[in-house]
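> Input: one structure, supplied below.
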Amino acid sequence: MSGYKLLKKGGSVTDAVEAAIRVMEEDQHFNAGVGSALNIDGEVEMDACIMVGSNLSSGAVTGVRYVAHPVSLARAVMDNSNHFLLGGEGARRFAKDRGVPLVPLNFLLAQHAQQDLEEYKSLIARDYRFVEMASGCGGVGAVAVDGKGRLAAASSTGGRLGKLPGRTSDASIVGAGIYADDEIGAVVVTGHGEAIARYVMAHEIISTMKRGFEAGVATRTVVKGITEKFHKPTGAITVSKNGQIGISFTTDKMAWAYQIRDDVHYGIDDYDHFSEKIKIH
Ligand code: GLY
């Protein structure tokens, strides 16, 4: 809704997706920002990306620490550098130079994330084969289209629970976890990052739409295809340049929501589809 509010006030689709992600980065329920999953050393290392469909410009960060809003740092990379991806210490220096606020490391350490890591470690200590099952991966994403068919997408994640330090997720890789192209649509994906990156999943959904498939069909087909290929759960949300919507997941759950004018639709479990009217002023 924060993204929609911005659009209504005349903001761009890029402003809208950034605003939507910032809200989720401030909510410990999501694996991003203050709710980030921890790496095997118990540290937060976050990834984020933003992409604009009108000119295919994008900015991303990987392995960032000390930043409450990685999506805004990704936006700064897009707007204020001639690179598409900055990582680790270089990203922190860039944030400092650009006036992106830095926070102490423990600001991002959620208590539940520490407990999750402890549980993960005890599971894999018992049987290393649990490593894939135990390390859920997710993140947050947002797509937007305005009345003129302009599109943008943004993603942010703490990455995989118990990951090795330095691991990059699909959420910071254009074409893997995120894509936006005004000629077709915008996509963000969630789930097992390694599988997603190898399948170039977000771009695969866009390519399927380019071949003439409607957003919902393209999203379902690719989510099913990657799950069958890698036996890993994933999910995606898609919007086409004409406002068609695709939502599909093979993860246990995927919290999703979209807004068209005053109608808000949302769900979390398979076959959920709730809706209500919310007047935004
Ligand atoms: N898709 C998020 C991750 O693998 O880190």
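Scheme for the structure tokens: letters A, B, ... for chains in order shown; per-chain residue numbers from 1; ligand numbers from 1 in order shown.
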Which residues are near stretch 190-194 of chain A? Cut-off 10 Å, only C-alpha atoms, ignore same chain within fewer than 2 positions. Put them as a VMD selection string.
chain A and resid 132 135 to 141 155 157 159 to 160 167 to 171 173 176 to 178 188 196 to 202 227 230 to 237 249 to 251 254
> For those residues, write C-alpha atoms to a file as a CSV table (one decimal), in the first residue's frame.

```
chain,number,residue,atom,x,y,z
A,132,GLU,CA,19.3,-28.2,2.1
A,135,SER,CA,18.1,-23.7,5.2
A,136,GLY,CA,14.9,-22.1,4.0
A,137,CYS,CA,15.5,-19.2,1.6
A,138,GLY,CA,13.2,-16.4,0.8
A,139,GLY,CA,13.2,-12.7,0.6
A,140,VAL,CA,10.9,-9.9,-0.4
A,141,GLY,CA,10.0,-8.5,-3.8
A,155,SER,CA,14.0,-7.3,-4.4
A,157,THR,CA,16.9,-10.6,1.1
A,159,GLY,CA,19.6,-14.8,1.8
A,160,ARG,CA,19.8,-18.5,2.9
A,167,ARG,CA,27.3,-16.2,-0.8
A,168,THR,CA,25.3,-14.1,-3.3
A,169,SER,CA,21.6,-14.7,-3.8
A,170,ASP,CA,19.4,-14.5,-6.9
A,171,ALA,CA,17.8,-11.4,-5.4
A,173,ILE,CA,21.1,-10.8,-10.0
A,176,ALA,CA,17.7,-14.5,-12.0
A,177,GLY,CA,15.6,-13.1,-9.1
A,178,ILE,CA,14.3,-10.0,-10.8
A,188,VAL,CA,10.4,-10.9,-8.8
A,196,ILE,CA,16.8,-19.8,-9.5
A,197,ALA,CA,20.1,-18.3,-10.8
A,198,ARG,CA,20.9,-21.4,-12.8
A,199,TYR,CA,17.5,-21.4,-14.5
A,200,VAL,CA,17.7,-17.6,-15.0
A,201,MET,CA,14.2,-17.8,-13.7
A,202,ALA,CA,12.9,-14.2,-13.8
A,227,THR,CA,10.7,-27.1,-9.4
A,230,PHE,CA,15.9,-29.0,-9.5
A,231,HIS,CA,13.4,-30.4,-7.0
A,232,LYS,CA,13.7,-27.1,-5.2
A,233,PRO,CA,10.7,-24.9,-4.2
A,234,THR,CA,10.3,-21.4,-5.7
A,235,GLY,CA,7.7,-18.8,-6.3
A,236,ALA,CA,7.1,-15.7,-8.4
A,237,ILE,CA,5.0,-12.6,-8.7
A,249,PHE,CA,4.7,-20.9,-5.7
A,250,THR,CA,5.8,-24.4,-4.8
A,251,THR,CA,7.2,-23.2,-1.5
A,254,MET,CA,4.2,-17.4,0.0
```
> Write out as a ChimeraX atom specification which residues come within 8 Å of A:Glu26 when counting only C-alpha atoms, dropping same-chain ones fewer than 3 positions away.
/A:22-23,33-35,68
> Between A:Ile247, A:Ile260, A:Val189, A:Leu108, which has the minimum distance to ligand 1 (counting only C-alpha atoms and all ligand atoms)?
A:Val189
> Which residues come within 7 Å of stretch 53-64 of chain A, counting only C-alpha atoms, excluding same-chain residues fewer than 3 positions away, as number ranges by chain?
A: 45-50, 67, 74-75, 77-78, 84-88, 91-92, 150-152, 166, 168, 172, 180-182
> Please identify the helix (DSSP H, G or I) residues within stretch 22-224 of chain A (assignment by DSSP from backbone atoms) and present them as a ChimeraX atom specification.
/A:22-25,33-35,70-80,88-97,105-108,111-126,130-134,170-172,193-199,201-210,215-224
> Mind the document's chain letters and residue numbers, and return as a ChimeraX atom specification the residues of stretch 82-156 of chain A that DSSP labels strand (DSSP E).
/A:85-87,140-145,151-156
> Provide the atom CA of A:Ala142 to atom CA of A:Arg261 distance in Å, to one decimal place.
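Atom CA of A:Arg261 lies 16.6 Å from atom CA of A:Ala142.
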> Within 10 Å of A:Leu7, counting only C-alpha atoms, which residues show up once you throw out same-chain ones fewer than 5 positions away? Write them as a list in words, please.
Met1, Ser2, Ser12, Val13, Thr14, Asp15, Ala16, Val17, Ala144, Val145, Asp146 and Gly147 of chain A
> State, in Å with one decimal place, the distance from atom CA of A:Thr238 to atom CA of A:Trp256.
11.1 Å
> In Å to one decimal, how far is atom CA of A:Phe107 from atom CA of A:Val44?
10.1 Å
> Applying 9 Å and only C-alpha atoms, which residues near A:Lys210 remain after dropping the ones on its own chain fewer than 3 positions away? List them as a list in words.
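Neighbouring residues, sequence-local ones excluded: Glu183, Ile184, Ile205, Ile206, Ser207 and Phe213 of chain A.
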> Which of these, A:Ala32, A:Ser81, A:Val222, A:Asn242, has the shortest distance to ligand 1 once you count only C-alpha atoms and all ligand atoms?
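Selected residue with least distance to ligand 1: A:Ala32.
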